[in-house]
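I have placed the structure first, in the form of structure tokens, so that the comments after it can refer back to it.
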Amino acid sequence: MTRRRAWAFGALLFALFASAALEIGLGPVSIPFWQIPGDTWAYFAGHRALDAVVVGAIRWPRLAVAVLAGSALALSGTVLQAILRNPMADPGVIGVSSGGALGAVIAVATGLSARSVAATPLLAFASGLAVAAVIYRLATSARRTDVYRLLLAGVALSSLCSAVITAILDLSPLEEMQQMMFWLFGGLDGSNWTEAAMLAGVNAVALTAFLRLSFAYDILTTGEEHAEAVGVDVERIKRASLAVAALIVSVAVSTTGVISFVGLIVPHILRRLIGANHRPLLAASALGGGVLLTLSDLVGRTVVQPAELNVGIVTSCLGVPFFLYLLYRQRRGRDIGL
Amino acid sequence: MMDIFHLHYHHRLEDICAAFGPGEMVGLVGPNGAGKSTLLRAMAGVLRPTGGVVQVMGEAIHAREPRWRARRVAYLPQFLPDDIPFTVREFVEMGRYSYAPQGVLSRTDMAAVDEALAVMGLVEHEDAPLTHLSGGERQRAAIARCLAQGAPILLLDEPIASLDIHYQLDILARLRALAEDGRLVIIALHHLELALAYCQRTICLHRGRLVADGSPGEVFTPALLRDVFRVDARPFRDPHSGALRLSVSAAIPHTPE
């Protein structure tokens with residue numbers, strides 16, 4: 001396992017590096033790989049040649065947001081799957097993403113976002129957390145969380161949030177509506193350094209918190225009753241983890257819109273490669289989420305050139321078959337890899 | 001070591017009082033639905049009683065945080081999932097959570113894990129995935145996790161329910177050795193004959209009440225076996241071993257009261 005783990009981490013780092021080079025190099029203006037360091041340097045040294053601006057002001061922030069938002073989604077997926085002890089959990093599936101998007105759309109529609117950069121992520125967090133709390137309460141009785149009730153409540157609240165978002169868009173002026181469309185199907189257009197810095201901050205906090213709880217997540221795979229028996233404060237850890245997961249997902253959603261299934265796919269694949277131990281699994285998920293979202297964005301930007309597909313469309317095209325495959329395996333009663 | 005005062009839990013436990021000391025091996029018996037699991041969970045501090053107190057070394061267990069409990073009381077729930085994706089050693093290490101909540105085990109923690117694996121005879125299996133073990137070995141691993149907690153009190157909910165006869169006797173003998181070592185071991189048991197053979201004390205629950213507490217010979221009277229377990233049975237001396245056994249002849253048909 002140790003050897004396999006080392007290989008997996010090596011492959012992830014290579015994939016991250018390669019997809020980053022492609023993300024920066026490919027596009028309407030293509031930049032050869034060997035020129036990327038030079039152009040980056042030129043941009044930060046204050047030169048404003050076309051290539052330097054494309055690299056430094058457009059492609060680098062887009063890459064940073066893609067990697068960090070992917071990390072946030074995959075980390076929260078890993079943690080949700082651990083605390084709910086169900087491999088189908090994902091911030092999109094349980095409704096936290098749509099909840100976050102609703103808050104972001106409200107911030108823009110009410111004009112709050114124009115007053116402060118923090119308004120959109122804050123409102124997204126408040127609304128994502130509220131949706132997560134409602135779903136959790138609906139699915140939990142007598143200190144047990146029923147996963148099917150959780151998924152159904154997630155579906156219901158997700159469609160409610162999407163309906164409200166669509167209603168707000170319908171009532172908005174046309175330009176504003178086009179600007180807000182991406183919250184329904186996430187996109188990385190117009191990513192900037194402020195967003196990247198915000199994501200980096202909350203991701204660092206979340207990763208630290210999650211790593212401190214990783215042993216408890218390992219123990220939770222043996223069941224809540226067993227976890228309580230060895231001294232894990234199960235309820236407290238579940239609530240804290242859910243809140244932190246809601247935080248990073250909401251901040252990610254407030255910058256990119258709803259991107260589904262990254263949090264479902266990444267931990268699944270990595271659990272097969274890395275094993276169920278949450279310390280390496282969380283680290284690998286942070287990398288893997290970044291890789292998957294960057295590659296999805298590359299696909300979205302290149303398949304229908306010169307038009308671009310929102311990255312959320314690409315991840316859904318990958319994720320839906322994956323989700324159905326998991327359902328199929330569950331139906332056959334086989335091990336589902338948690 | 002552990003004292004229970006007027007314990008209530010809704011209508012499932014009613015006014016339970018008992019005191020247990022170190023070195024005791026106690027069999028908790030009773031028909032299905034009598035409240036055995038509920039009582040063990042309340043004693044372990046996992047379930048908050050609606051009335052009464054469980055004291056561990058003189059302190060009310062429900063007033064203390066989970067890690068305090070886990071250092072003093074090791075509790076093994078009845079069912080263990082059969083798809084736990086860890087090795088035997090990793091699983092036993094989980095018993096050290098109350099000392100190493102971030103999973104960074106000290107030398108003391110490691111020594112406790114090594115000893116638990118040795119006591120349960122699992123050293124040669126320590127790197128095997130839990131899913132590759134037989135039912136009996138898995139149950140031994142679960143008890144090893146309890147031992148790794150280093151707690152002086154062990155509460156086990158039907159630890160031998162689904163095992164073959166070899167492992168039933170193997171595990172009971174190991175548990176008795178742990179009690180002789182000075183621990184308090186309380187196990188819920190369905191096998192009355194095994195309670196007779198391995199426990200020096202038996203407590204019997206019936207409809208949430210403690211109806212008998214004493215040596216197995218005192219507890220298993222024909223009247224109790226008839227009224228509580230609804231079987232025609234009487235104890236006898238085994239002519240081969242000299243041990244007390246039960247001769248069970250028939251189930252008494254259900255009669256509405």
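The way I read the labels, and the way they are meant: chains A, B, ... in the order of the structure tokens, residue 1 as the first residue of every chain, and ligand 1 as the first ligand shown, with later ones counted on from there.
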
Per-residue nearest contacts chain A to chain B, cut-off 9 Å, using only C-alpha atoms, as a tab-separated table:
residue	atom	partner	partner_atom	distance
A:Leu211	CA	B:Gln102	CA	8.1
A:Arg212	CA	B:Gln102	CA	5.6
A:Leu213	CA	B:Gln102	CA	6.4
A:Ser214	CA	B:Gln102	CA	6.9
A:Phe215	CA	B:Gly103	CA	5.1
A:Ala216	CA	B:Pro101	CA	7.2
A:Asp218	CA	B:Met94	CA	8.3
A:Ile219	CA	B:Met94	CA	6.3
A:Thr221	CA	B:Ile84	CA	6.4
A:Thr222	CA	B:Ile84	CA	5.9
A:Gly223	CA	B:Pro81	CA	7.1
A:Glu225	CA	B:Pro77	CA	6.8
A:His226	CA	B:Pro77	CA	6.5
A:Ala227	CA	B:Met94	CA	8.7
A:Glu228	CA	B:Val46	CA	6.6
A:Ala229	CA	B:Tyr75	CA	5.5
A:Val230	CA	B:Ala70	CA	5.3
A:Gly231	CA	B:Arg67	CA	4.3
A:Val232	CA	B:Pro66	CA	6.3
A:Asp233	CA	B:Pro66	CA	6.0
A:Gly275	CA	B:Pro85	CA	7.8
A:Ala276	CA	B:Pro85	CA	6.2
A:Asn277	CA	B:Phe86	CA	7.8
A:Asp335	CA	B:Asp83	CA	7.7
A:Gly337	CA	B:Pro85	CA	8.4
A:Leu338	CA	B:Pro85	CA	7.4

*Write out as a PyMOL selection string each polymer residue whose atoms come within 7 Å of stretch 19-34 of chain A, counting only C-alpha atoms; drop sequence neighbours fewer than 6 positions from it.*
chain A and resi 55+59-60+63+291+294-295+298

Filtering to all heavy atoms, could you give me those residues as a PDB file, in the first residue's frame?
ATOM      1  N   VAL A  55      -1.250  35.534 -19.864  1.00  0.00           N
ATOM      2  CA  VAL A  55      -0.755  34.568 -18.875  1.00  0.00           C
ATOM      3  C   VAL A  55      -1.023  35.059 -17.455  1.00  0.00           C
ATOM      4  O   VAL A  55      -1.592  34.345 -16.625  1.00  0.00           O
ATOM      5  CB  VAL A  55       0.757  34.305 -19.089  1.00  0.00           C
ATOM      6  CG1 VAL A  55       1.333  33.537 -17.902  1.00  0.00           C
ATOM      7  CG2 VAL A  55       0.975  33.519 -20.364  1.00  0.00           C
ATOM      8  N   ARG A  59      -4.957  33.640 -17.501  1.00  0.00           N
ATOM      9  CA  ARG A  59      -4.811  32.190 -17.374  1.00  0.00           C
ATOM     10  C   ARG A  59      -4.362  31.759 -15.985  1.00  0.00           C
ATOM     11  O   ARG A  59      -4.881  30.786 -15.456  1.00  0.00           O
ATOM     12  CB  ARG A  59      -3.806  31.674 -18.426  1.00  0.00           C
ATOM     13  CG  ARG A  59      -4.176  32.030 -19.849  1.00  0.00           C
ATOM     14  CD  ARG A  59      -4.885  30.891 -20.561  1.00  0.00           C
ATOM     15  NE  ARG A  59      -5.359  31.327 -21.866  1.00  0.00           N
ATOM     16  CZ  ARG A  59      -4.630  31.234 -22.989  1.00  0.00           C
ATOM     17  NH1 ARG A  59      -3.409  30.716 -22.960  1.00  0.00           N
ATOM     18  NH2 ARG A  59      -5.136  31.646 -24.138  1.00  0.00           N
ATOM     19  N   TRP A  60      -3.405  32.449 -15.370  1.00  0.00           N
ATOM     20  CA  TRP A  60      -2.950  32.061 -14.023  1.00  0.00           C
ATOM     21  C   TRP A  60      -4.080  32.143 -12.997  1.00  0.00           C
ATOM     22  O   TRP A  60      -4.310  31.175 -12.270  1.00  0.00           O
ATOM     23  CB  TRP A  60      -1.760  32.909 -13.558  1.00  0.00           C
ATOM     24  CG  TRP A  60      -0.417  32.271 -13.776  1.00  0.00           C
ATOM     25  CD1 TRP A  60       0.571  32.694 -14.604  1.00  0.00           C
ATOM     26  CD2 TRP A  60       0.103  31.093 -13.121  1.00  0.00           C
ATOM     27  NE1 TRP A  60       1.664  31.870 -14.539  1.00  0.00           N
ATOM     28  CE2 TRP A  60       1.407  30.882 -13.637  1.00  0.00           C
ATOM     29  CE3 TRP A  60      -0.393  30.203 -12.180  1.00  0.00           C
ATOM     30  CZ2 TRP A  60       2.211  29.819 -13.224  1.00  0.00           C
ATOM     31  CZ3 TRP A  60       0.391  29.142 -11.767  1.00  0.00           C
ATOM     32  CH2 TRP A  60       1.683  28.957 -12.287  1.00  0.00           C
ATOM     33  N   LEU A  63      -6.423  29.301 -13.621  1.00  0.00           N
ATOM     34  CA  LEU A  63      -5.842  28.037 -13.166  1.00  0.00           C
ATOM     35  C   LEU A  63      -5.921  27.942 -11.641  1.00  0.00           C
ATOM     36  O   LEU A  63      -6.324  26.914 -11.094  1.00  0.00           O
ATOM     37  CB  LEU A  63      -4.380  27.930 -13.621  1.00  0.00           C
ATOM     38  CG  LEU A  63      -3.593  26.777 -12.998  1.00  0.00           C
ATOM     39  CD1 LEU A  63      -4.123  25.434 -13.487  1.00  0.00           C
ATOM     40  CD2 LEU A  63      -2.102  26.897 -13.313  1.00  0.00           C
ATOM     41  N   VAL A 291      -6.765  18.728 -10.028  1.00  0.00           N
ATOM     42  CA  VAL A 291      -6.464  18.155 -11.342  1.00  0.00           C
ATOM     43  C   VAL A 291      -7.755  17.959 -12.148  1.00  0.00           C
ATOM     44  O   VAL A 291      -7.839  18.361 -13.308  1.00  0.00           O
ATOM     45  CB  VAL A 291      -5.731  16.800 -11.183  1.00  0.00           C
ATOM     46  CG1 VAL A 291      -5.626  16.096 -12.527  1.00  0.00           C
ATOM     47  CG2 VAL A 291      -4.358  17.010 -10.574  1.00  0.00           C
ATOM     48  N   THR A 294      -9.298  21.260 -13.325  1.00  0.00           N
ATOM     49  CA  THR A 294      -8.487  21.883 -14.374  1.00  0.00           C
ATOM     50  C   THR A 294      -8.654  21.146 -15.701  1.00  0.00           C
ATOM     51  O   THR A 294      -8.846  21.767 -16.761  1.00  0.00           O
ATOM     52  CB  THR A 294      -7.006  21.894 -13.957  1.00  0.00           C
ATOM     53  OG1 THR A 294      -6.908  22.429 -12.646  1.00  0.00           O
ATOM     54  CG2 THR A 294      -6.181  22.737 -14.907  1.00  0.00           C
ATOM     55  N   LEU A 295      -8.601  19.809 -15.645  1.00  0.00           N
ATOM     56  CA  LEU A 295      -8.769  19.035 -16.882  1.00  0.00           C
ATOM     57  C   LEU A 295     -10.167  19.241 -17.465  1.00  0.00           C
ATOM     58  O   LEU A 295     -10.325  19.391 -18.683  1.00  0.00           O
ATOM     59  CB  LEU A 295      -8.532  17.541 -16.612  1.00  0.00           C
ATOM     60  CG  LEU A 295      -7.074  17.133 -16.375  1.00  0.00           C
ATOM     61  CD1 LEU A 295      -6.990  15.656 -16.006  1.00  0.00           C
ATOM     62  CD2 LEU A 295      -6.222  17.400 -17.625  1.00  0.00           C
ATOM     63  N   LEU A 298     -10.216  22.442 -19.217  1.00  0.00           N
ATOM     64  CA  LEU A 298      -9.519  22.331 -20.500  1.00  0.00           C
ATOM     65  C   LEU A 298     -10.438  21.729 -21.558  1.00  0.00           C
ATOM     66  O   LEU A 298     -10.507  22.226 -22.686  1.00  0.00           O
ATOM     67  CB  LEU A 298      -8.298  21.417 -20.345  1.00  0.00           C
ATOM     68  CG  LEU A 298      -6.993  22.089 -19.964  1.00  0.00           C
ATOM     69  CD1 LEU A 298      -5.957  21.026 -19.657  1.00  0.00           C
ATOM     70  CD2 LEU A 298      -6.529  22.958 -21.133  1.00  0.00           C
TER      71      LEU A 298
END

*Polymer residues at most 10 Å from A:Thr166, only C-alpha atoms, same-chain spacing of 3 or more positions, as a count of residues only*: 15

*Distance query B:Arg237 at most 10 Å, only C-alpha atoms, self and fewer than 5 positions along chain excluded, as a ChimeraX atom specification*: /B:242-247

*Quick one: everything within 10 Å of B:His8, counting only C-alpha atoms, minus sequence neighbours fewer than 5 positions away in the same chain. Send it as a PyMOL selection string.*
chain B and resi 13-17+39+42+48-53+208-209

Show which residues sit within 12 Å of B:Pro22, as a short mmCIF file (atom, residue, chain, number, x, y, z; two decimals) with all heavy atoms, in the first residue's frame. Count only C-alpha atoms, and ignore same-chain residues fewer than 5 positions away.
data_model
loop_
_atom_site.label_atom_id
_atom_site.label_comp_id
_atom_site.auth_asym_id
_atom_site.auth_seq_id
_atom_site.Cartn_x
_atom_site.Cartn_y
_atom_site.Cartn_z
N MET B 1 -16.37 -0.39 41.71
CA MET B 1 -15.77 0.04 40.45
C MET B 1 -16.83 0.67 39.55
O MET B 1 -16.65 1.72 38.98
CB MET B 1 -15.18 -1.18 39.77
CG MET B 1 -14.17 -0.85 38.73
SD MET B 1 -13.37 -2.37 38.23
CE MET B 1 -11.76 -1.79 37.79
N MET B 2 -17.97 -0.01 39.46
CA MET B 2 -19.09 0.54 38.71
C MET B 2 -20.36 0.33 39.51
O MET B 2 -20.66 -0.78 39.94
CB MET B 2 -19.21 -0.16 37.35
CG MET B 2 -20.34 0.40 36.50
SD MET B 2 -20.40 -0.32 34.88
CE MET B 2 -19.94 1.05 33.85
N ASP B 3 -21.07 1.45 39.74
CA ASP B 3 -22.28 1.37 40.56
C ASP B 3 -23.43 2.00 39.79
O ASP B 3 -23.29 3.07 39.21
CB ASP B 3 -22.08 2.14 41.87
CG ASP B 3 -20.86 1.63 42.62
OD1 ASP B 3 -20.97 0.56 43.25
OD2 ASP B 3 -19.79 2.28 42.56
N VAL B 56 -18.75 5.51 37.67
CA VAL B 56 -17.52 4.77 37.41
C VAL B 56 -16.46 5.35 38.33
O VAL B 56 -16.17 6.54 38.26
CB VAL B 56 -17.10 4.90 35.94
CG1 VAL B 56 -15.72 4.29 35.74
CG2 VAL B 56 -18.11 4.22 35.05
N MET B 57 -15.90 4.54 39.20
CA MET B 57 -14.94 5.00 40.20
C MET B 57 -15.47 6.24 40.91
O MET B 57 -14.75 7.22 41.12
CB MET B 57 -13.58 5.31 39.57
CG MET B 57 -12.80 4.06 39.22
SD MET B 57 -12.99 3.80 37.46
CE MET B 57 -11.72 2.61 37.15
N ALA B 151 -8.81 0.27 29.45
CA ALA B 151 -9.84 0.55 30.44
C ALA B 151 -9.97 -0.62 31.41
O ALA B 151 -9.86 -1.78 31.00
CB ALA B 151 -11.18 0.78 29.73
N PRO B 152 -10.20 -0.34 32.68
CA PRO B 152 -10.37 -1.41 33.66
C PRO B 152 -11.73 -2.10 33.57
O PRO B 152 -11.92 -3.14 34.19
CB PRO B 152 -10.20 -0.70 35.00
CG PRO B 152 -10.57 0.72 34.73
CD PRO B 152 -10.20 1.00 33.31
N ILE B 153 -12.67 -1.50 32.83
CA ILE B 153 -14.01 -2.08 32.72
C ILE B 153 -14.29 -2.43 31.26
O ILE B 153 -14.11 -1.60 30.37
CB ILE B 153 -15.08 -1.08 33.23
CG1 ILE B 153 -14.80 -0.71 34.68
CG2 ILE B 153 -16.48 -1.68 33.07
CD1 ILE B 153 -15.70 0.38 35.23
N LEU B 154 -14.72 -3.68 31.03
CA LEU B 154 -15.06 -4.11 29.67
C LEU B 154 -16.54 -4.48 29.62
O LEU B 154 -17.00 -5.29 30.42
CB LEU B 154 -14.26 -5.36 29.28
CG LEU B 154 -12.76 -5.23 29.05
CD1 LEU B 154 -12.15 -6.59 28.84
CD2 LEU B 154 -12.49 -4.34 27.85
N LEU B 178 -8.98 -12.23 31.50
CA LEU B 178 -8.89 -10.78 31.70
C LEU B 178 -9.51 -10.38 33.04
O LEU B 178 -9.00 -9.50 33.74
CB LEU B 178 -9.59 -10.02 30.57
CG LEU B 178 -8.93 -10.15 29.20
CD1 LEU B 178 -9.84 -9.58 28.12
CD2 LEU B 178 -7.59 -9.44 29.20
N ALA B 179 -10.61 -11.04 33.40
CA ALA B 179 -11.25 -10.75 34.68
C ALA B 179 -10.34 -11.18 35.83
O ALA B 179 -10.16 -10.45 36.80
CB ALA B 179 -12.60 -11.44 34.76
N GLU B 180 -9.74 -12.37 35.68
CA GLU B 180 -8.83 -12.84 36.73
C GLU B 180 -7.65 -11.90 36.89
O GLU B 180 -7.03 -11.83 37.95
CB GLU B 180 -8.35 -14.27 36.39
CG GLU B 180 -9.39 -15.32 36.76
CD GLU B 180 -9.19 -16.64 36.02
OE1 GLU B 180 -8.14 -16.81 35.36
OE2 GLU B 180 -10.09 -17.49 36.13
N ASP B 181 -7.37 -11.17 35.83
CA ASP B 181 -6.30 -10.19 35.83
C ASP B 181 -6.68 -8.90 36.58
O ASP B 181 -5.87 -8.00 36.72
CB ASP B 181 -6.02 -9.84 34.37
CG ASP B 181 -4.55 -9.64 34.12
OD1 ASP B 181 -3.75 -10.31 34.79
OD2 ASP B 181 -4.22 -8.78 33.26
N GLY B 182 -7.95 -8.81 37.03
CA GLY B 182 -8.35 -7.66 37.82
C GLY B 182 -9.31 -6.72 37.13
O GLY B 182 -9.71 -5.70 37.69
N ARG B 183 -9.70 -7.03 35.90
CA ARG B 183 -10.67 -6.16 35.23
C ARG B 183 -12.09 -6.57 35.60
O ARG B 183 -12.32 -7.68 36.07
CB ARG B 183 -10.51 -6.26 33.71
CG ARG B 183 -9.20 -5.67 33.18
CD ARG B 183 -9.20 -5.74 31.67
NE ARG B 183 -7.97 -5.24 31.10
CZ ARG B 183 -6.83 -5.95 31.05
NH1 ARG B 183 -6.79 -7.16 31.55
NH2 ARG B 183 -5.74 -5.44 30.50
N LEU B 184 -13.00 -5.65 35.38
CA LEU B 184 -14.41 -5.99 35.48
C LEU B 184 -14.91 -6.28 34.07
O LEU B 184 -14.79 -5.43 33.18
CB LEU B 184 -15.19 -4.81 36.08
CG LEU B 184 -16.71 -4.84 35.94
CD1 LEU B 184 -17.30 -6.06 36.63
CD2 LEU B 184 -17.32 -3.57 36.50
N VAL B 185 -15.40 -7.50 33.85
CA VAL B 185 -15.88 -7.89 32.52
C VAL B 185 -17.37 -8.19 32.62
O VAL B 185 -17.78 -9.04 33.41
CB VAL B 185 -15.13 -9.13 31.99
CG1 VAL B 185 -15.66 -9.52 30.62
CG2 VAL B 185 -13.63 -8.86 31.93
N ILE B 186 -18.18 -7.46 31.85
CA ILE B 186 -19.62 -7.73 31.84
C ILE B 186 -20.02 -8.06 30.40
O ILE B 186 -19.76 -7.27 29.49
CB ILE B 186 -20.43 -6.52 32.35
CG1 ILE B 186 -19.96 -6.14 33.76
CG2 ILE B 186 -21.92 -6.82 32.33
CD1 ILE B 186 -20.66 -4.94 34.35
#

*How would you write, as an NGL selection string, the set of residues in stretch 163-278 of chain A that DSSP gives as helix (DSSP H, G or I)?*
:A and (163-171 or 174-183 or 193-212 or 214-220 or 224-229 or 234-256 or 262-274 or 278)

*Determine the nearest neighbour of B:Val113 from the options B:Pro129, B:Gly30, B:Gly135, B:Gly150, counting only C-alpha atoms.*
B:Gly150
